[in-house]
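**Q** So here's coords-v1.cif, just mmCIF, C-alpha atoms and all ligand atoms:
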data_model
loop_
_atom_site.group_PDB
_atom_site.id
_atom_site.type_symbol
_atom_site.label_atom_id
_atom_site.label_comp_id
_atom_site.auth_asym_id
_atom_site.auth_seq_id
_atom_site.Cartn_x
_atom_site.Cartn_y
_atom_site.Cartn_z
ATOM 1 C CA MET A 1 -62.060 -15.889 -134.724
ATOM 2 C CA ALA A 2 -61.110 -14.901 -131.152
ATOM 3 C CA SER A 3 -57.936 -16.382 -129.717
ATOM 4 C CA THR A 4 -57.010 -16.683 -126.053
ATOM 5 C CA GLU A 5 -53.645 -16.867 -124.338
ATOM 6 C CA VAL A 6 -53.343 -19.786 -121.901
ATOM 7 C CA VAL A 7 -50.728 -21.236 -119.569
ATOM 8 C CA LEU A 8 -49.818 -24.659 -120.940
ATOM 9 C CA GLY A 9 -50.346 -27.713 -118.778
ATOM 10 C CA GLU A 10 -51.012 -31.429 -118.893
ATOM 11 C CA ARG A 11 -54.385 -30.917 -120.597
ATOM 12 C CA HIS A 12 -52.694 -29.309 -123.594
ATOM 13 C CA LEU A 13 -50.323 -32.233 -124.269
ATOM 14 C CA ALA A 14 -52.263 -33.503 -127.300
ATOM 15 C CA GLY A 15 -52.318 -29.997 -128.795
ATOM 16 C CA CYS A 16 -48.611 -29.559 -128.078
ATOM 17 C CA LEU A 17 -47.818 -32.815 -129.867
ATOM 18 C CA ALA A 18 -49.996 -31.781 -132.810
ATOM 19 C CA LEU A 19 -48.032 -28.514 -133.013
ATOM 20 C CA SER A 20 -44.584 -30.148 -133.066
ATOM 21 C CA LYS A 21 -45.849 -32.767 -135.517
ATOM 22 C CA SER A 22 -47.182 -30.051 -137.834
ATOM 23 C CA ALA A 23 -43.628 -28.667 -138.116
ATOM 24 C CA HIS A 24 -42.193 -32.211 -138.596
ATOM 25 C CA TRP A 25 -40.257 -31.843 -135.358
ATOM 26 C CA ASN A 26 -38.934 -34.839 -133.457
ATOM 27 C CA GLN A 27 -40.276 -34.269 -129.915
ATOM 28 C CA ASN A 28 -42.471 -36.976 -128.421
ATOM 29 C CA GLU A 29 -44.738 -36.864 -125.382
ATOM 30 C CA ALA A 30 -41.832 -37.607 -123.013
ATOM 31 C CA ASP A 31 -40.017 -34.511 -124.331
ATOM 32 C CA TRP A 32 -43.037 -32.251 -123.806
ATOM 33 C CA ARG A 33 -43.576 -33.687 -120.312
ATOM 34 C CA LEU A 34 -39.922 -33.117 -119.408
ATOM 35 C CA MET A 35 -40.005 -29.487 -120.557
ATOM 36 C CA LEU A 36 -43.413 -28.614 -119.098
ATOM 37 C CA GLY A 37 -42.294 -30.314 -115.880
ATOM 38 C CA PHE A 38 -39.471 -27.888 -115.120
ATOM 39 C CA GLY A 39 -40.376 -24.952 -117.370
ATOM 40 C CA ARG A 40 -43.375 -22.743 -118.086
ATOM 41 C CA GLY A 41 -45.359 -22.684 -121.282
ATOM 42 C CA TRP A 42 -47.885 -20.412 -122.951
ATOM 43 C CA GLY A 43 -50.226 -21.106 -125.805
ATOM 44 C CA ILE A 44 -52.845 -19.491 -127.997
ATOM 45 C CA VAL A 45 -56.136 -21.354 -128.189
ATOM 46 C CA GLU A 46 -58.740 -20.745 -130.879
ATOM 47 C CA GLU A 47 -62.487 -20.554 -130.136
ATOM 48 C CA ASP A 48 -62.929 -24.185 -131.236
ATOM 49 C CA GLY A 49 -60.303 -25.307 -128.678
ATOM 50 C CA THR A 50 -57.432 -25.819 -131.160
ATOM 51 C CA LEU A 51 -54.007 -25.012 -129.742
ATOM 52 C CA ALA A 52 -52.642 -22.750 -132.482
ATOM 53 C CA ALA A 53 -49.291 -21.695 -130.966
ATOM 54 C CA SER A 54 -46.856 -22.505 -128.180
ATOM 55 C CA THR A 55 -43.754 -21.085 -126.486
ATOM 56 C CA LEU A 56 -41.853 -22.406 -123.457
ATOM 57 C CA ALA A 57 -39.318 -20.867 -121.064
ATOM 58 C CA LEU A 58 -36.962 -23.343 -119.390
ATOM 59 C CA PRO A 59 -34.983 -21.907 -116.455
ATOM 60 C CA TYR A 60 -31.390 -23.142 -116.254
ATOM 61 C CA GLY A 61 -30.099 -21.849 -112.938
ATOM 62 C CA GLY A 62 -30.479 -18.175 -112.048
ATOM 63 C CA ALA A 63 -28.612 -16.578 -114.951
ATOM 64 C CA PHE A 64 -30.440 -17.655 -118.072
ATOM 65 C CA ALA A 65 -33.516 -19.446 -119.431
ATOM 66 C CA TRP A 66 -34.077 -21.271 -122.689
ATOM 67 C CA ILE A 67 -36.884 -20.263 -125.012
ATOM 68 C CA ALA A 68 -38.190 -23.443 -126.624
ATOM 69 C CA MET A 69 -40.951 -24.892 -128.779
ATOM 70 C CA VAL A 70 -41.929 -21.648 -130.526
ATOM 71 C CA LEU A 71 -44.487 -23.165 -132.864
ATOM 72 C CA VAL A 72 -47.486 -21.887 -134.793
ATOM 73 C CA LEU A 73 -49.836 -24.108 -136.817
ATOM 74 C CA PRO A 74 -49.235 -23.487 -140.544
ATOM 75 C CA GLU A 75 -52.725 -22.024 -141.083
ATOM 76 C CA HIS A 76 -52.210 -19.469 -138.277
ATOM 77 C CA ARG A 77 -48.790 -18.100 -139.237
ATOM 78 C CA ARG A 78 -48.034 -14.420 -139.878
ATOM 79 C CA LYS A 79 -50.768 -13.245 -137.496
ATOM 80 C CA GLY A 80 -48.277 -12.242 -134.809
ATOM 81 C CA PHE A 81 -48.884 -15.315 -132.599
ATOM 82 C CA ALA A 82 -45.178 -16.224 -132.192
ATOM 83 C CA THR A 83 -44.317 -12.621 -131.332
ATOM 84 C CA ARG A 84 -47.165 -12.422 -128.782
ATOM 85 C CA LEU A 85 -46.017 -15.528 -126.914
ATOM 86 C CA LEU A 86 -42.341 -14.629 -127.209
ATOM 87 C CA LYS A 87 -43.033 -11.302 -125.487
ATOM 88 C CA ILE A 88 -44.723 -13.151 -122.602
ATOM 89 C CA ALA A 89 -41.722 -15.494 -122.219
ATOM 90 C CA LEU A 90 -39.256 -12.599 -122.450
ATOM 91 C CA GLY A 91 -41.197 -10.692 -119.805
ATOM 92 C CA GLU A 92 -41.224 -13.694 -117.484
ATOM 93 C CA ASN A 93 -37.468 -14.225 -117.918
ATOM 94 C CA ALA A 94 -36.702 -10.543 -117.428
ATOM 95 C CA ARG A 95 -38.760 -10.458 -114.217
ATOM 96 C CA SER A 96 -36.741 -13.377 -112.829
ATOM 97 C CA GLY A 97 -33.480 -11.708 -113.896
ATOM 98 C CA ARG A 98 -32.643 -14.357 -116.508
ATOM 99 C CA VAL A 99 -31.193 -13.674 -119.949
ATOM 100 C CA SER A 100 -33.164 -15.401 -122.711
ATOM 101 C CA VAL A 101 -31.220 -17.782 -124.951
ATOM 102 C CA LEU A 102 -32.465 -20.017 -127.774
ATOM 103 C CA ASP A 103 -31.565 -22.028 -130.836
ATOM 104 C CA ALA A 104 -33.356 -20.629 -133.874
ATOM 105 C CA THR A 105 -34.508 -22.152 -137.141
ATOM 106 C CA PRO A 106 -34.077 -19.798 -140.130
ATOM 107 C CA ASP A 107 -37.788 -18.851 -139.955
ATOM 108 C CA GLY A 108 -37.693 -18.285 -136.211
ATOM 109 C CA ARG A 109 -34.506 -16.225 -136.465
ATOM 110 C CA GLU A 110 -36.393 -13.440 -138.278
ATOM 111 C CA VAL A 111 -38.952 -13.246 -135.467
ATOM 112 C CA TYR A 112 -36.237 -13.221 -132.779
ATOM 113 C CA ARG A 113 -34.043 -10.611 -134.462
ATOM 114 C CA GLN A 114 -36.972 -8.215 -134.425
ATOM 115 C CA GLU A 115 -37.408 -8.823 -130.698
ATOM 116 C CA GLY A 116 -33.773 -8.037 -129.830
ATOM 117 C CA PHE A 117 -31.931 -11.364 -130.121
ATOM 118 C CA ARG A 118 -28.386 -11.493 -131.537
ATOM 119 C CA ASP A 119 -26.502 -14.402 -133.141
ATOM 120 C CA ALA A 120 -23.891 -16.209 -131.009
ATOM 121 C CA TRP A 121 -22.902 -19.388 -132.877
ATOM 122 C CA GLY A 122 -24.328 -21.908 -135.296
ATOM 123 C CA PHE A 123 -24.836 -25.606 -135.750
ATOM 124 C CA LYS A 124 -26.441 -27.928 -138.248
ATOM 125 C CA ARG A 125 -28.730 -30.898 -137.942
ATOM 126 C CA TYR A 126 -27.643 -34.056 -139.729
ATOM 127 C CA SER A 127 -29.844 -37.063 -140.399
ATOM 128 C CA ILE A 128 -29.490 -40.588 -141.716
ATOM 129 C CA PRO A 129 -32.333 -43.041 -142.389
ATOM 130 C CA GLY A 130 -30.534 -45.962 -140.740
ATOM 131 C CA ALA A 131 -27.153 -45.952 -139.041
ATOM 132 C CA PRO A 132 -25.108 -49.161 -139.302
ATOM 133 C CA ARG A 133 -24.037 -50.843 -136.085
ATOM 134 C CA ALA A 134 -20.318 -50.363 -135.567
ATOM 135 C CA ASN A 135 -17.582 -50.929 -133.010
ATOM 136 C CA VAL A 136 -18.083 -49.689 -129.490
ATOM 137 C CA GLY A 137 -15.181 -47.945 -127.760
ATOM 138 C CA ALA A 138 -16.335 -45.580 -125.005
ATOM 139 C CA THR A 139 -17.431 -46.729 -121.551
ATOM 140 C CA ALA A 140 -21.041 -47.102 -120.366
ATOM 141 C CA LEU A 141 -22.032 -44.179 -118.116
ATOM 142 C CA ASP A 142 -22.559 -45.381 -114.540
ATOM 143 C CA SER A 143 -23.350 -43.651 -111.260
ATOM 144 C CA SER A 144 -19.659 -43.072 -110.423
ATOM 145 C CA HIS A 145 -19.261 -40.873 -113.531
ATOM 146 C CA TRP A 146 -22.166 -38.488 -112.825
ATOM 147 C CA PRO A 147 -20.327 -35.880 -110.719
ATOM 148 C CA GLU A 148 -17.695 -35.406 -113.445
ATOM 149 C CA VAL A 149 -20.289 -35.507 -116.233
ATOM 150 C CA LEU A 150 -22.368 -32.811 -114.496
ATOM 151 C CA ALA A 151 -19.308 -30.620 -113.855
ATOM 152 C CA LEU A 152 -18.159 -30.892 -117.474
ATOM 153 C CA ASP A 153 -21.647 -30.142 -118.796
ATOM 154 C CA ALA A 154 -22.079 -27.144 -116.495
ATOM 155 C CA MET A 155 -18.805 -25.698 -117.802
ATOM 156 C CA ALA A 156 -19.753 -26.318 -121.441
ATOM 157 C CA PHE A 157 -23.407 -25.274 -121.240
ATOM 158 C CA GLY A 158 -23.053 -22.506 -118.676
ATOM 159 C CA ALA A 159 -25.428 -23.869 -116.022
ATOM 160 C CA SER A 160 -26.334 -27.106 -114.317
ATOM 161 C CA ARG A 161 -29.077 -29.040 -116.089
ATOM 162 C CA GLU A 162 -28.913 -32.240 -114.060
ATOM 163 C CA PRO A 163 -32.637 -33.144 -114.285
ATOM 164 C CA VAL A 164 -32.519 -32.896 -118.087
ATOM 165 C CA LEU A 165 -29.380 -35.019 -118.408
ATOM 166 C CA ARG A 166 -30.665 -37.649 -115.989
ATOM 167 C CA ASP A 167 -33.980 -37.813 -117.819
ATOM 168 C CA LEU A 168 -32.264 -38.402 -121.177
ATOM 169 C CA ALA A 169 -29.871 -41.000 -119.710
ATOM 170 C CA SER A 170 -32.779 -42.915 -118.153
ATOM 171 C CA ARG A 171 -34.681 -42.933 -121.448
ATOM 172 C CA GLN A 172 -31.791 -44.407 -123.474
ATOM 173 C CA PRO A 173 -29.268 -45.873 -121.001
ATOM 174 C CA GLY A 174 -27.573 -47.843 -123.782
ATOM 175 C CA LEU A 175 -26.552 -44.613 -125.513
ATOM 176 C CA ALA A 176 -25.181 -42.928 -122.374
ATOM 177 C CA ARG A 177 -21.406 -43.159 -122.688
ATOM 178 C CA VAL A 178 -18.311 -41.527 -121.270
ATOM 179 C CA ALA A 179 -14.745 -41.327 -122.575
ATOM 180 C CA ILE A 180 -12.070 -41.787 -119.940
ATOM 181 C CA ARG A 181 -8.592 -40.274 -120.228
ATOM 182 C CA ARG A 182 -6.019 -40.695 -117.431
ATOM 183 C CA GLY A 183 -8.740 -41.915 -115.103
ATOM 184 C CA GLN A 184 -11.007 -38.903 -115.653
ATOM 185 C CA VAL A 185 -14.143 -38.218 -117.680
ATOM 186 C CA ALA A 186 -12.966 -36.421 -120.829
ATOM 187 C CA GLY A 187 -16.364 -36.359 -122.492
ATOM 188 C CA PHE A 188 -19.865 -37.823 -122.522
ATOM 189 C CA VAL A 189 -22.730 -38.443 -124.898
ATOM 190 C CA LEU A 190 -26.450 -39.065 -124.331
ATOM 191 C CA GLY A 191 -29.342 -39.813 -126.663
ATOM 192 C CA ARG A 192 -33.110 -40.043 -126.695
ATOM 193 C CA GLU A 193 -35.843 -41.507 -128.824
ATOM 194 C CA GLY A 194 -38.015 -39.098 -130.778
ATOM 195 C CA ARG A 195 -41.161 -39.073 -132.863
ATOM 196 C CA GLU A 196 -39.232 -39.434 -136.117
ATOM 197 C CA ALA A 197 -35.688 -40.481 -135.183
ATOM 198 C CA LEU A 198 -33.309 -41.219 -132.372
ATOM 199 C CA GLN A 199 -31.519 -37.994 -131.421
ATOM 200 C CA ILE A 200 -27.913 -38.134 -130.268
ATOM 201 C CA GLY A 201 -26.812 -35.287 -127.986
ATOM 202 C CA PRO A 202 -25.615 -33.614 -125.944
ATOM 203 C CA LEU A 203 -22.049 -34.578 -126.751
ATOM 204 C CA VAL A 204 -19.545 -32.621 -124.682
ATOM 205 C CA ALA A 205 -15.824 -33.369 -124.947
ATOM 206 C CA LYS A 206 -12.459 -31.915 -124.020
ATOM 207 C CA ASP A 207 -11.049 -32.443 -127.523
ATOM 208 C CA ALA A 208 -12.038 -33.502 -131.025
ATOM 209 C CA GLU A 209 -10.584 -36.993 -130.782
ATOM 210 C CA VAL A 210 -12.671 -37.722 -127.668
ATOM 211 C CA ALA A 211 -15.751 -36.299 -129.403
ATOM 212 C CA ARG A 212 -15.301 -38.549 -132.398
ATOM 213 C CA GLU A 213 -14.807 -41.640 -130.244
ATOM 214 C CA LEU A 214 -18.012 -40.866 -128.357
ATOM 215 C CA LEU A 215 -19.999 -40.234 -131.508
ATOM 216 C CA GLU A 216 -18.727 -43.410 -133.146
ATOM 217 C CA THR A 217 -19.726 -45.393 -130.067
ATOM 218 C CA ALA A 218 -23.155 -43.777 -129.852
ATOM 219 C CA LEU A 219 -23.832 -44.438 -133.533
ATOM 220 C CA GLY A 220 -22.720 -48.011 -132.995
ATOM 221 C CA GLY A 221 -25.629 -48.463 -130.607
ATOM 222 C CA THR A 222 -28.301 -47.409 -133.114
ATOM 223 C CA THR A 223 -30.073 -49.070 -136.017
ATOM 224 C CA GLY A 224 -32.942 -46.803 -137.149
ATOM 225 C CA PRO A 225 -33.076 -43.166 -138.285
ATOM 226 C CA VAL A 226 -30.763 -40.799 -136.385
ATOM 227 C CA TYR A 227 -30.703 -37.014 -135.941
ATOM 228 C CA LEU A 228 -27.734 -35.204 -134.508
ATOM 229 C CA ASP A 229 -26.845 -31.536 -134.260
ATOM 230 C CA ILE A 230 -23.166 -30.635 -134.706
ATOM 231 C CA ALA A 231 -21.642 -27.241 -133.921
ATOM 232 C CA ASP A 232 -20.145 -25.312 -136.828
ATOM 233 C CA HIS A 233 -16.985 -24.883 -134.734
ATOM 234 C CA ALA A 234 -16.573 -28.687 -134.974
ATOM 235 C CA ALA A 235 -16.145 -28.731 -138.765
ATOM 236 C CA PRO A 236 -14.057 -31.969 -138.877
ATOM 237 C CA LEU A 237 -16.849 -33.834 -137.044
ATOM 238 C CA GLN A 238 -19.391 -32.390 -139.495
ATOM 239 C CA ALA A 239 -17.238 -33.639 -142.389
ATOM 240 C CA TRP A 240 -16.899 -37.044 -140.715
ATOM 241 C CA VAL A 241 -20.665 -37.608 -140.439
ATOM 242 C CA LEU A 242 -21.203 -36.463 -144.024
ATOM 243 C CA ALA A 243 -18.619 -39.062 -145.130
ATOM 244 C CA ARG A 244 -20.611 -41.679 -143.172
ATOM 245 C CA GLY A 245 -23.741 -40.973 -145.216
ATOM 246 C CA PHE A 246 -25.501 -38.344 -143.078
ATOM 247 C CA ALA A 247 -27.228 -35.459 -144.896
ATOM 248 C CA ILE A 248 -27.658 -31.871 -143.703
ATOM 249 C CA GLN A 249 -31.265 -31.268 -142.725
ATOM 250 C CA ARG A 250 -31.237 -27.624 -141.572
ATOM 251 C CA PRO A 251 -29.112 -24.954 -139.907
ATOM 252 C CA PHE A 252 -29.753 -23.423 -136.484
ATOM 253 C CA THR A 253 -28.424 -20.298 -134.813
ATOM 254 C CA ARG A 254 -27.836 -19.968 -131.084
ATOM 255 C CA MET A 255 -29.122 -16.509 -130.188
ATOM 256 C CA VAL A 256 -28.985 -14.409 -127.044
ATOM 257 C CA HIS A 257 -31.401 -11.657 -126.087
ATOM 258 C CA GLY A 258 -29.770 -8.280 -125.590
ATOM 259 C CA ALA A 259 -26.767 -6.468 -126.921
ATOM 260 C CA SER A 260 -23.972 -8.817 -125.854
ATOM 261 C CA GLY A 261 -24.810 -11.739 -128.136
ATOM 262 C CA ARG A 262 -22.493 -13.823 -125.953
ATOM 263 C CA ALA A 263 -23.910 -17.278 -125.240
ATOM 264 C CA PRO A 264 -23.362 -18.819 -121.803
ATOM 265 C CA GLY A 265 -20.826 -21.610 -121.362
ATOM 266 C CA GLU A 266 -17.735 -22.691 -123.262
ATOM 267 C CA ALA A 267 -18.858 -23.299 -126.837
ATOM 268 C CA PRO A 268 -15.690 -25.175 -127.964
ATOM 269 C CA LEU A 269 -16.550 -28.000 -125.534
ATOM 270 C CA VAL A 270 -19.981 -28.441 -127.112
ATOM 271 C CA TYR A 271 -19.774 -30.754 -130.124
ATOM 272 C CA CYS A 272 -23.472 -31.675 -130.207
ATOM 273 C CA PRO A 273 -26.116 -29.591 -128.416
ATOM 274 C CA ALA A 274 -28.859 -31.547 -126.646
ATOM 275 C CA GLY A 275 -31.189 -30.217 -129.341
ATOM 276 C CA PRO A 276 -32.616 -26.772 -130.153
ATOM 277 C CA GLU A 277 -35.362 -27.144 -127.558
ATOM 278 C CA LEU A 278 -33.007 -27.994 -124.681
ATOM 279 C CA GLY A 279 -29.813 -26.163 -125.596
HETATM 280 C C1 LIG B 1 -41.323 -19.288 -137.104
HETATM 281 C C2 LIG B 1 -42.774 -19.232 -136.640
HETATM 282 C C3 LIG B 1 -42.844 -19.627 -135.174
HETATM 283 C C4 LIG B 1 -43.265 -17.776 -136.794
HETATM 284 O O1 LIG B 1 -44.569 -17.691 -136.256
HETATM 285 P P1 LIG B 1 -45.579 -16.517 -136.682
HETATM 286 O O2 LIG B 1 -46.681 -16.476 -135.701
HETATM 287 O O3 LIG B 1 -45.950 -16.701 -138.104
HETATM 288 O O4 LIG B 1 -44.635 -15.236 -136.541
HETATM 289 P P2 LIG B 1 -45.159 -13.737 -136.381
HETATM 290 O O5 LIG B 1 -46.474 -13.586 -137.062
HETATM 291 O O6 LIG B 1 -45.085 -13.335 -134.957
HETATM 292 O O7 LIG B 1 -44.027 -12.976 -137.228
HETATM 293 C C5 LIG B 1 -43.512 -11.709 -136.842
HETATM 294 C C6 LIG B 1 -42.579 -11.218 -137.915
HETATM 295 O O8 LIG B 1 -41.453 -12.093 -138.038
HETATM 296 C C7 LIG B 1 -41.065 -12.223 -139.422
HETATM 297 N N1 LIG B 1 -41.333 -13.603 -139.875
HETATM 298 C C8 LIG B 1 -42.151 -14.529 -139.340
HETATM 299 N N2 LIG B 1 -42.099 -15.693 -140.019
HETATM 300 C C9 LIG B 1 -41.216 -15.484 -141.021
HETATM 301 C C10 LIG B 1 -40.734 -16.308 -142.074
HETATM 302 N N3 LIG B 1 -41.162 -17.588 -142.236
HETATM 303 N N4 LIG B 1 -39.819 -15.793 -142.922
HETATM 304 C C11 LIG B 1 -39.380 -14.520 -142.772
HETATM 305 N N5 LIG B 1 -39.818 -13.673 -141.800
HETATM 306 C C12 LIG B 1 -40.712 -14.163 -140.934
HETATM 307 C C13 LIG B 1 -41.952 -11.244 -140.195
HETATM 308 O O9 LIG B 1 -41.279 -10.009 -140.212
HETATM 309 C C14 LIG B 1 -43.182 -11.173 -139.313
HETATM 310 O O10 LIG B 1 -43.882 -9.985 -139.462
HETATM 311 P P3 LIG B 1 -44.914 -9.810 -140.713
HETATM 312 O O11 LIG B 1 -45.790 -11.040 -140.763
HETATM 313 O O12 LIG B 1 -45.662 -8.551 -140.369
HETATM 314 O O13 LIG B 1 -44.071 -9.703 -141.942
HETATM 315 C C15 LIG B 1 -43.685 -20.169 -137.506
HETATM 316 O O14 LIG B 1 -43.433 -19.918 -138.859
HETATM 317 C C16 LIG B 1 -43.449 -21.645 -137.249
HETATM 318 O O15 LIG B 1 -44.078 -22.259 -136.387
HETATM 319 N N6 LIG B 1 -42.525 -22.234 -138.034
HETATM 320 C C17 LIG B 1 -42.166 -23.656 -137.876
HETATM 321 C C18 LIG B 1 -41.452 -23.909 -136.569
HETATM 322 C C19 LIG B 1 -40.266 -23.002 -136.339
HETATM 323 O O16 LIG B 1 -39.356 -22.889 -137.159
HETATM 324 N N7 LIG B 1 -40.282 -22.340 -135.166
HETATM 325 C C20 LIG B 1 -39.201 -21.480 -134.724
HETATM 326 C C21 LIG B 1 -38.336 -22.266 -133.850
HETATM 327 S S1 LIG B 1 -36.843 -21.465 -133.443
#
Would you mind writing the file's structure down as structure tokens?
**A**
Amino acid sequence: MASTEVVLGERHLAGCLALSKSAHWNQNEADWRLMLGFGRGWGIVEEDGTLAASTLALPYGGAFAWIAMVLVLPEHRRKGFATRLLKIALGENARSGRVSVLDATPDGREVYRQEGFRDAWGFKRYSIPGAPRANVGATALDSSHWPEVLALDAMAFGASREPVLRDLASRQPGLARVAIRRGQVAGFVLGREGREALQIGPLVAKDAEVARELLETALGGTTGPVYLDIADHAAPLQAWVLARGFAIQRPFTRMVHGASGRAPGEAPLVYCPAGPELG
């Protein structure tokens, strides 16, 4: 059957959702709209109109762009679809002078390695069917905190991603929290609802004690299933969530295209990425 490459847009939203659902991923329509709103996407459409594959490129400033939502329907895998779309995204990023960065699943990592990506650092996704409500310590994020939150995130992540952070905060304002130390923002956490679970992240903090306070507060505001991704360089926080009943769902690898393998930003400040699709 012939397959055609297309630029993804609003009319492909149902197909995009079907793709992420087929991989049991957590993104909902709001996530796809956010990403397609500030990024570019490509798909492969079968003759019968089925969207069989997707790949997005999300520009974060002028230096790098995130490759996201690399998905192929199970019945269309190992036909080279992911590689085809990845090459388009890589070409687009190279033309705009941006390094390509992504967070890879174990399956995706094999595709990316062959296309010139190198490992930078790892994290794991943890899940729990229902998180108990607990004490709340950190402060609700309000408009006065945003300049410091954005500056801290830009340092940790390596670029400003204000529209993404504001979108997440507006979707779950009750989960948006900051930790204050000596009158300054020492860390923040955001969350968002998903198709399967509430996802907590990003969580950026100046030290491990701040990170744990923020996570405890965020978990205190949830009742249903929760996903959260914790960096491998934050091993005590990983151990803490396991002790609270979370289970490891899967590992991810942050990868960078090209020889350096050096991810943007200051990894030690990142306790929880925003999620593999957003960085
Ligand atoms: C990972 C995924 C996108 C790969 O899509 P695909 O179209 O099957 O990949 P390609 O056909 O382009 O694969 C190219 C090469 O990568 C390697 N590869 C692809 N999938 C692999 C897998 N599951 N395990 C090991 N190697 C794999 C193989 O070397 C393959 O070449 P070959 O088929 O000639 O052996 C697809 O399996 C998928 O959607 N998985 C679920 C979602 C996911 O994990 N996405 C990646 C997010 S980071």
**Q** On this structure, which residues satisfy the PyMOL selection byres (((chain A and resi 61-63) around 12) and not hetatm), written as a PDB file with C-alpha atoms, keeping the file's coordinate frame?
**A**
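Saved file out01.pdb follows:
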ATOM      1  CA  PHE A  38     -39.471 -27.888-115.120  1.00  0.00           C
ATOM      2  CA  GLY A  39     -40.376 -24.952-117.370  1.00  0.00           C
ATOM      3  CA  LEU A  58     -36.962 -23.343-119.390  1.00  0.00           C
ATOM      4  CA  PRO A  59     -34.983 -21.907-116.455  1.00  0.00           C
ATOM      5  CA  TYR A  60     -31.390 -23.142-116.254  1.00  0.00           C
ATOM      6  CA  PHE A  64     -30.440 -17.655-118.072  1.00  0.00           C
ATOM      7  CA  ALA A  65     -33.516 -19.446-119.431  1.00  0.00           C
ATOM      8  CA  TRP A  66     -34.077 -21.271-122.689  1.00  0.00           C
ATOM      9  CA  ASN A  93     -37.468 -14.225-117.918  1.00  0.00           C
ATOM     10  CA  ALA A  94     -36.702 -10.543-117.428  1.00  0.00           C
ATOM     11  CA  ARG A  95     -38.760 -10.458-114.217  1.00  0.00           C
ATOM     12  CA  SER A  96     -36.741 -13.377-112.829  1.00  0.00           C
ATOM     13  CA  GLY A  97     -33.480 -11.708-113.896  1.00  0.00           C
ATOM     14  CA  ARG A  98     -32.643 -14.357-116.508  1.00  0.00           C
ATOM     15  CA  VAL A  99     -31.193 -13.674-119.949  1.00  0.00           C
ATOM     16  CA  SER A 100     -33.164 -15.401-122.711  1.00  0.00           C
ATOM     17  CA  VAL A 101     -31.220 -17.782-124.951  1.00  0.00           C
ATOM     18  CA  ALA A 154     -22.079 -27.144-116.495  1.00  0.00           C
ATOM     19  CA  PHE A 157     -23.407 -25.274-121.240  1.00  0.00           C
ATOM     20  CA  GLY A 158     -23.053 -22.506-118.676  1.00  0.00           C
ATOM     21  CA  ALA A 159     -25.428 -23.869-116.022  1.00  0.00           C
ATOM     22  CA  SER A 160     -26.334 -27.106-114.317  1.00  0.00           C
ATOM     23  CA  ARG A 161     -29.077 -29.040-116.089  1.00  0.00           C
ATOM     24  CA  GLU A 162     -28.913 -32.240-114.060  1.00  0.00           C
ATOM     25  CA  PRO A 163     -32.637 -33.144-114.285  1.00  0.00           C
ATOM     26  CA  ALA A 263     -23.910 -17.278-125.240  1.00  0.00           C
ATOM     27  CA  PRO A 264     -23.362 -18.819-121.803  1.00  0.00           C
ATOM     28  CA  GLY A 265     -20.826 -21.610-121.362  1.00  0.00           C
TER      29      GLY A 265
END
**Q** Just say which residues the PyMOL selection byres (((chain A and resi 226-243) around 8) and not hetatm) picks in this file, as JSON, numbers by chain.
**A** {"A": [121, 122, 123, 124, 125, 126, 127, 128, 129, 130, 131, 197, 198, 199, 200, 201, 208, 212, 222, 224, 225, 244, 245, 246, 247, 248, 268, 270, 271, 272, 273, 274, 275]}
**Q** How would the residues just chosen look if you wrote them out with C-alpha atoms as a short mmCIF file (atom, residue, chain, number, x, y, z; two decimals), in the frame of the given file?
**A**
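Okay, out.cif is ready:
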data_model
loop_
_atom_site.label_atom_id
_atom_site.label_comp_id
_atom_site.auth_asym_id
_atom_site.auth_seq_id
_atom_site.Cartn_x
_atom_site.Cartn_y
_atom_site.Cartn_z
CA TRP A 121 -22.90 -19.39 -132.88
CA GLY A 122 -24.33 -21.91 -135.30
CA PHE A 123 -24.84 -25.61 -135.75
CA LYS A 124 -26.44 -27.93 -138.25
CA ARG A 125 -28.73 -30.90 -137.94
CA TYR A 126 -27.64 -34.06 -139.73
CA SER A 127 -29.84 -37.06 -140.40
CA ILE A 128 -29.49 -40.59 -141.72
CA PRO A 129 -32.33 -43.04 -142.39
CA GLY A 130 -30.53 -45.96 -140.74
CA ALA A 131 -27.15 -45.95 -139.04
CA ALA A 197 -35.69 -40.48 -135.18
CA LEU A 198 -33.31 -41.22 -132.37
CA GLN A 199 -31.52 -37.99 -131.42
CA ILE A 200 -27.91 -38.13 -130.27
CA GLY A 201 -26.81 -35.29 -127.99
CA ALA A 208 -12.04 -33.50 -131.02
CA ARG A 212 -15.30 -38.55 -132.40
CA THR A 222 -28.30 -47.41 -133.11
CA GLY A 224 -32.94 -46.80 -137.15
CA PRO A 225 -33.08 -43.17 -138.28
CA ARG A 244 -20.61 -41.68 -143.17
CA GLY A 245 -23.74 -40.97 -145.22
CA PHE A 246 -25.50 -38.34 -143.08
CA ALA A 247 -27.23 -35.46 -144.90
CA ILE A 248 -27.66 -31.87 -143.70
CA PRO A 268 -15.69 -25.18 -127.96
CA VAL A 270 -19.98 -28.44 -127.11
CA TYR A 271 -19.77 -30.75 -130.12
CA CYS A 272 -23.47 -31.68 -130.21
CA PRO A 273 -26.12 -29.59 -128.42
CA ALA A 274 -28.86 -31.55 -126.65
CA GLY A 275 -31.19 -30.22 -129.34
#
**Q** Which value, in Å to one decimal, gives the distance between atom CA of A:Leu36 and atom CA of A:Asp167?
**A**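 Atom CA of A:Leu36 sits 13.2 Å away from atom CA of A:Asp167.
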**Q** Could you give me the residues within 6 Å of ligand LIG 1 (chain B), counting all atoms listed in the file, as a VMD selection string?
**A** chain A and resid 23 70 to 72 77 to 83 103 to 105 107 to 108 110 to 111
**Q** Any idea what's packed within 8 Å of A:Gly187, counting only C-alpha atoms, ignoring anything in its chain fewer than 6 positions away? Could you give it as a ChimeraX atom specification?
**A** /A:149,152,178-180,203-206,210-211,214
